[in-house]
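Heads up: the structure comes next, in structure tokens.
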Amino acid sequence: MNHCRKCGCTLDPGEGKLCDECRETIEKMRSTAGRLQMIIEAKSYTQISMEDYLNEYNKN
């Protein structure tokens, strides 16, 4: 039996190394981090307002 590398739950055959829940969580974290990185680069050397940060974070 295969187990998820992140949470350790039992995987179905052919599911890979991560369960669906862990995969979705990781993809969500990556997309959030990517959008925030784009804001930081676009506003280089300027302060990011809390409103911009929250708007970008809550797009999910």
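In the structure tokens, chains take the letters A, B, ... in the order shown, each chain's residues start at 1, and ligands count up from 1 in the order shown.
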(request) Excluding Met1 (chain A) and any residue of its chain fewer than 4 positions from it, enumerate the residues within 9 Å of it, using only C-alpha atoms, and give them as a list in words. (result)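 So, after excluding close chain neighbours, the residues are Thr10, Leu11, Asp12 and Pro13 of chain A.
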Got time to write the residues from that selection, C-alpha atoms, as a PDB file, in the first residue's frame?
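Heads up, here's the output in selection-v4.pdb:
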```pdb
ATOM      1  CA  THR A  10      -3.550   5.439   2.407  1.00  0.00           C
ATOM      2  CA  LEU A  11      -3.582   6.191  -1.323  1.00  0.00           C
ATOM      3  CA  ASP A  12      -5.619   4.533  -4.035  1.00  0.00           C
ATOM      4  CA  PRO A  13      -3.633   2.716  -6.745  1.00  0.00           C
TER       5      PRO A  13
END
```
Would you list the contacts of region 19-36 of chain A as number ranges by chain, taking every protein, DNA or RNA residue within 7 Å and counting only C-alpha atoms, but skipping same-chain residues closer than 2 positions in sequence?
A: 4, 6, 11, 15, 17, 38-40, 56-57
- Query: Just how far from CA of Lys59 (chain A) is CA of Gly16 (chain A), in Å to one decimal?
  - Reply: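 CA of Gly16 (chain A) sits 28.7 Å away from CA of Lys59 (chain A).
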Original post:
Per DSSP on the backbone, what are the alpha helix (DSSP H) residues of chain A, as a VMD selection string?
Top reply: chain A and resid 20 to 42 50 to 57
